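See below for the structure under consideration.
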Amino acid sequence: MFGCVVAGRLVQTDAVQVSPDKFVFNLADYESVNHVVVFMLGTVPFPAGMGGAVYFSFPDPNIGGAPVWQLLGFITNDKPSAIFKISGLKAGVGGAHPFGAMAPSSAVAQVGVSVEALELLAQQIPASSAAVSTVDSFLEFTQKMLDNLYNFASSFAVSQAQMTPNPTETFIPSSCILKWYENFQRRLAQNPNFWKS
């Protein structure tokens, strides 16, 4: 029903079913892992109105190696895969989780998937450091980069009367930079991935 990929490693599809609606994957050597991908295999969809809350658990040395579970996010039939950043999760910062004593006690980290109602999934708040960059953060970065380039180039602006001839220097009219800036913003607003083609 589910698969899990740890960045740069083999795909795991051997989730341990710990109850009718709970599954876990064991992750050895989790300290060197930055991201995990959780996905549906496409063989069995979630029942109507249901999805999967995705949790991450690791043994916390501060509490004798007991597992600390943190909500990463969710997958659904409409969103059958997700990438989660686990490298920034903090020890001792666990939260409520549906696994209780169901998940096998383990000295390794685990990714758990709990089948839950979509209404409940929408109300849950994932660990903030588990979020992976989205198109919105990419757009924000790109906008800041555009602004920075334009402001930087504009800081060197001089009028034609102020220019001193220098045969080794190439001058670009600020109107060209402004036109490029406006065109790039427009294209980015129409299609954030235009630059990939």
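Identifiers for the structure tokens are assigned positionally: chains receive A, B, ... in sequence, residues are indexed from 1 per chain, and ligands are indexed from 1 in the order shown.
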Discussion item. For Thr13 (chain A), find every residue with an atom within 12 Å (counting only C-alpha atoms), except residues of its own chain fewer than 3 positions away, and show them as a PyMOL selection string.
Written reply: chain A and resi 1-6+10+16-17+23-26+37-43+111
What would the file look like if the residues just selected were written as a short mmCIF file (atom, residue, chain, number, x, y, z; two decimals), in the first residue's frame with N, CA and C atoms?
data_model
loop_
_atom_site.label_atom_id
_atom_site.label_comp_id
_atom_site.auth_asym_id
_atom_site.auth_seq_id
_atom_site.Cartn_x
_atom_site.Cartn_y
_atom_site.Cartn_z
N MET A 1 0.82 -1.19 0.00
CA MET A 1 0.00 0.00 0.00
C MET A 1 0.87 1.26 0.00
N PHE A 2 2.02 1.24 0.75
CA PHE A 2 2.87 2.42 0.87
C PHE A 2 4.30 2.07 0.53
N GLY A 3 5.04 3.09 0.17
CA GLY A 3 6.47 2.96 -0.04
C GLY A 3 7.18 4.09 0.66
N CYS A 4 8.46 3.90 0.90
CA CYS A 4 9.25 4.92 1.56
C CYS A 4 10.64 4.90 0.93
N VAL A 5 11.16 6.08 0.62
CA VAL A 5 12.51 6.19 0.09
C VAL A 5 13.29 7.12 1.00
N VAL A 6 14.42 6.66 1.44
CA VAL A 6 15.33 7.51 2.18
C VAL A 6 16.33 8.01 1.15
N LEU A 10 17.73 2.64 -1.20
CA LEU A 10 16.75 1.81 -1.89
C LEU A 10 15.32 2.13 -1.45
N VAL A 16 5.65 -2.56 8.07
CA VAL A 16 5.11 -3.48 9.06
C VAL A 16 3.74 -2.95 9.47
N GLN A 17 2.71 -3.76 9.32
CA GLN A 17 1.37 -3.35 9.72
C GLN A 17 1.21 -3.65 11.21
N PHE A 23 0.93 1.65 9.89
CA PHE A 23 2.04 0.98 9.23
C PHE A 23 3.33 1.70 9.62
N VAL A 24 4.44 0.96 9.74
CA VAL A 24 5.72 1.59 10.03
C VAL A 24 6.82 1.02 9.14
N PHE A 25 7.79 1.88 8.82
CA PHE A 25 9.02 1.51 8.11
C PHE A 25 10.17 1.76 9.07
N ASN A 26 11.11 0.84 9.13
CA ASN A 26 12.31 1.04 9.94
C ASN A 26 13.38 1.72 9.10
N VAL A 37 10.94 10.24 1.46
CA VAL A 37 9.80 10.35 0.55
C VAL A 37 8.84 9.22 0.92
N VAL A 38 7.60 9.57 1.14
CA VAL A 38 6.57 8.57 1.43
C VAL A 38 5.57 8.63 0.28
N PHE A 39 5.18 7.46 -0.22
CA PHE A 39 4.30 7.45 -1.39
C PHE A 39 3.39 6.24 -1.35
N MET A 40 2.28 6.35 -2.06
CA MET A 40 1.36 5.23 -2.24
C MET A 40 1.86 4.42 -3.42
N LEU A 41 1.73 3.12 -3.33
CA LEU A 41 2.21 2.25 -4.40
C LEU A 41 1.28 2.24 -5.61
N GLY A 42 0.05 2.66 -5.42
CA GLY A 42 -0.90 2.67 -6.53
C GLY A 42 -1.70 1.38 -6.64
N THR A 43 -1.44 0.44 -5.75
CA THR A 43 -2.15 -0.83 -5.80
C THR A 43 -3.44 -0.79 -4.99
N VAL A 111 9.34 5.53 10.20
CA VAL A 111 8.34 6.38 9.56
C VAL A 111 7.03 5.62 9.72
#
Discussion item. My list of candidates is A:Asp147, A:Glu169, A:Asp14, A:Asp78. Which is closest to Gly52 (chain A) when distances are computed with only C-alpha atoms?
Written reply: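 Among the listed residues, A:Asp78 lies closest to Gly52 (chain A).
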Discussion item. Counting only C-alpha atoms, which residue out of A:Gln12, A:Gln70, A:Gln190, A:Ser32 sits closest to Gln124 (chain A)?
Written reply: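 Among the listed residues, A:Gln70 lies closest to Gln124 (chain A).
Closest approach to Gly88 (chain A) among A:Met145, A:Met50, A:Val33, A:Leu27 is made by A:Val33 (distances from only C-alpha atoms).
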Worksheet, complete the sentence: Computed gap from CA of Leu146 (chain A) to CA of Ser174 (chain A) is 14.0 Å
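You can rank A:Ala161, A:Leu118, A:Ala48, A:Val36 by their closest distance to Ile75 (chain A) using only C-alpha atoms, and at the top of that list sits A:Leu118.
Proximity ranking of A:Leu72, A:Leu188, A:Val44, A:Val54 relative to Val113 (chain A) places A:Val54 first, based on only C-alpha atoms.
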Worksheet item: With only C-alpha atoms as the atoms that count, which of A:Asn34, A:Ile83, A:Asn77, A:Leu89 lies nearest to Phe58 (chain A)?
Response: A:Leu89
Item to complete: Would you mind writing down, as a list in words, each residue of region 114-191 of chain A that DSSP on the backbone assigns to strand (DSSP E or B)?
Response: Ser114, Val115, Glu116 and Ala117 of chain A
Item to complete: Report the distance between CA of Gln185 (chain A) and CA of Gln160 (chain A) in Å, rounded to one decimal place.
Response: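 Rounded to one decimal, the two atoms are 27.8 Å apart.
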Discussion item. I'd like the contact shell of Val115 (chain A) - 8 Å cut-off, only C-alpha atoms, skipping same-chain residues fewer than 3 positions apart - returned as a list in words.
Written reply: Asp21, Lys22, Phe46, Met50, Gly51, Gly52 and Ala53 of chain A
Fill in: alpha helix (DSSP H) residues, from DSSP on the backbone, in region 9-180 of chain A, as a ChimeraX atom specification
/A:118-123,135-154,174-180
